[in-house]
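Structure first, commentary second.
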Amino acid sequence: MASQLVPVAALLIGSALLLIAGGLHGLLLPIRGAMEGFTTAELGLIGTGWAVGFVAGCLVVPRIVRRVGHVRAYGVMASIASVVILLNLLYISPYAWITLRAFSGFCFAGAAMIVESWLNERATKENRGTIFSVYQMVNFAASTAGQLLITTGTTNNYHFFVLGAIFYSLAILPSALSTAQTPRPLKTTKLDLRILFVNSPVAAVGCFTVGMVNGAFGTLGAVYGQQIGLPTSAIALLMSGAVLGGALTQVPLGRLSDRIDRRYVLIGVSIAAILISGTITVLKPTEAWMVIALVAGFGGMVYPMYGLAVAHANDYAAPDDFVKIASGLLLMSGIGTMIGPIIAALAMEWVGPQGLFTFASVMHAMLIVYIFYRLRRRPGVSDVPRDAFQPVPPLREATPQTIALDPRASDSKPAAA
C-alpha cells in the first residue's frame, strides 16, 4: 500500500491540513457566535451561507481552474479561506459572518475539488479503491482533530481564529511544492432534476432530506449543546461523536442494504433516528455523557443515509450515468443543506434547544411516508445483480470530484461539462 500512496502523499497531507482548519472553523463559529449573542436564526443562516458558497464553488471553481491551473487556483482558495477566518475575528457581526461563511464554503469546495481531481488523475483502476479509502480516512481523522482542538483552550479570544488561519495557510504548501503532474481540467456538474427523479425518486428526495437534517445538525448541533449548558469540551465531543457514530455504522448498514431492498434500510434508519430524536426531545437530557451517547447514536443513523441513497440510485442507473447521477444527488443534498439550518433554527426558537431534534424527527417521518408510497409504485431490485455498497465521506466534505474518485466511477464516462 505504501508504494501506492507515496505519489499522492503531498495531496493527502494538504487535504488533512485543510480539513483540520475546516473542522476547527466550522465548530468555532457557532460557539463563538452564541457567546456574542447571535440569535439561533442568525446562526442557522451562517450554515446556509456555507451551503450556498459550497454549491457555488462546485459549479464555478472548474472554470477558474481552466483559466489559471490547479496549483494557482488551490493557492487562491486556501489563501482566501485563511483571510476569511481572520475577518471573522475582526468583524464579529451575524451579517458579516453569514457573508464570510459563504466565501469560506466556496473556497473549501474549490480546494477540495482540486485535490480530488488531482488524486483522481493519479489513481489507476488497480489502486483507486485504496486511494479513495485512505483519502476518506485522512479527511475523517483531520476533521475530527480540528473539532477536538477546541477542547484545548477558550473560544472567547483570538487564539483559535489565528490557529485556523495557520492551518489554512499550511494547506497550500504540499501542493505548491509537489512535483506531481497537474491533472486535466475539472468538469462542471449540471443538475438535471428530471434525470434524477426518473432514475430514482427515493434517492432524490432522500438526498434532499438528508441534506436538510445533516446541514441543520452540522450548523446547530454546537448551539444545541451550548443552550443546554454543556461546556465547550463536551460540545466538541458531541459533534465528533456524531460523525464517529456515522463512520462506525456506515459499512454494516451498507452491507445490509446489499442483501435487501435499500429502501427498507432507509426506512429502518429513519425510524431509529426518530426514536433517538424523540428521546432527546422528551427527556431533555443535560448530562454530558448521556447527550453525547444519544447524539452519537443519532449520527450513526443519519450520516450513512446519503451513501444508502446514492447506492439505491446506482442500482437503477446505467454504468455510464453513475458520475452524473451521483453528482446531481450531491447537489440536491446541497440545496437541502441551504434550507435545513433556517427551518431548524426557527424550530429551536419556538420550542427550545430540542427543536433541532424535533425538526429531524419530522423530516425523517416525511421521508418514511414517501418511501412507503414509492414501494407501492416500483418493485425492488433485490434479485438483480448490483454493485456493492461503497462508503462515502460526510456531505459537508464531498464534492462532484469526490464522486469521480469513487471506485464505482472508474468505468463511467465523465459528467457533462
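Chain lettering (A, B, ...) mirrors the order of the C-alpha cells, residue numbering begins at 1 for each chain separately, and ligand numbering begins at 1 in order of display.
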
Exercise for review: Using only C-alpha atoms, determine which residues lie at most 9 Å from Thr155 of chain A, disregarding the query and same-chain residues fewer than 6 positions distant; provide the list as a PyMOL selection string.
Suggested key: chain A and resi 28+31-32+35+161+232

Review point. Hey, what's within 12 Å of Lys284 of chain A if we count only C-alpha atoms and toss same-chain stuff fewer than 4 positions away? As a list in words, please?
Key: Tyr224, Gly225, Gln227, Ile228, Gly229, Ile276, Ser277, Gly278, Thr279, Ile280, Ala288, Met290, Val291, Leu294, Val351, Gly352, Pro353, Gln354, Gly355, Leu356, Phe357 and Thr358 of chain A

Residue selection dump (C-alpha atoms) as a tab-separated table (two decimals), in the first residue's frame:
```tsv
chain	number	residue	atom	x	y	z
A	224	TYR	CA	-27.87	22.96	20.97
A	225	GLY	CA	-25.04	21.82	23.24
A	227	GLN	CA	-28.02	26.11	25.06
A	228	ILE	CA	-28.41	23.08	27.33
A	229	GLY	CA	-25.36	24.13	29.30
A	276	ILE	CA	-33.38	8.76	19.25
A	277	SER	CA	-34.52	12.29	18.34
A	278	GLY	CA	-37.78	11.73	20.22
A	279	THR	CA	-35.87	10.53	23.27
A	280	ILE	CA	-33.79	13.72	23.26
A	288	ALA	CA	-22.80	15.38	29.03
A	290	MET	CA	-25.95	10.93	28.03
A	291	VAL	CA	-26.21	13.69	25.44
A	294	LEU	CA	-27.58	9.79	22.24
A	351	VAL	CA	-39.73	25.03	21.22
A	352	GLY	CA	-36.27	25.38	22.72
A	353	PRO	CA	-32.93	23.62	22.04
A	354	GLN	CA	-34.67	20.27	21.48
A	355	GLY	CA	-36.37	21.82	18.45
A	356	LEU	CA	-33.32	20.73	16.44
A	357	PHE	CA	-34.25	17.10	17.01
A	358	THR	CA	-37.97	17.76	16.62
```

**Study point:** Best match for closeness to Thr144 of chain A among A:Ile80, A:Ala247, A:Ile368, A:Leu266, counting only C-alpha atoms
**Key:**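 Answer, going by the shortest atom-to-atom distance: A:Ala247.
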
Check your understanding: Neighbours of Gly336 of chain A within 7 Å (only C-alpha atoms; same-chain residues fewer than 5 positions away dropped), as a PyMOL selection string?
Key -> chain A and resi 208-209+211-212

Exercise for review: Can you list, as a ChimeraX atom specification, all residues belonging to segment 99-204 of chain A that DSSP tags as alpha helix (DSSP H)?
Suggested key: /A:99-122,128-148,159-170,172-177,193-199,201-204

Point to revise | Contact residues around Thr337 of chain A with only C-alpha atoms at 9 Å, ignoring same-chain residues under 5 positions, as a list in words | key: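 The residues satisfying every condition are Gly47, Thr48, Trp50, Ala51, Val52, Phe208, Thr209, Val210, Gly211, Met212, Val213, Asn214, Gly215, Ala216, Met332 and Arg396 of chain A.
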
Review point. What is the atom CA of Val295 of chain A to atom CA of Arg262 of chain A distance in Å?
Key: 23.9 Å

Point to revise | Selected residue, from A:Phe106, A:Trp289, A:Phe359, A:Phe160, that lies nearest to Leu148 of chain A when counting only C-alpha atoms | key: A:Phe160

Review point. Contacts of Leu329 of chain A at 9 Å or less, counting only C-alpha atoms, minus same-chain residues fewer than 5 places along, as a PyMOL selection string?
Key: chain A and resi 191+196+203-204+207-208+306+309-310+313+324+334

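Here atom CA of Asp261 of chain A stands at a distance of 11.4 Å from atom CA of Arg378 of chain A.
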
Review point. Could you work out how far atom CA of Leu405 of chain A lies from atom CA of Leu12 of chain A, giving the answer in Å with one decimal?
Key: 13.5 Å
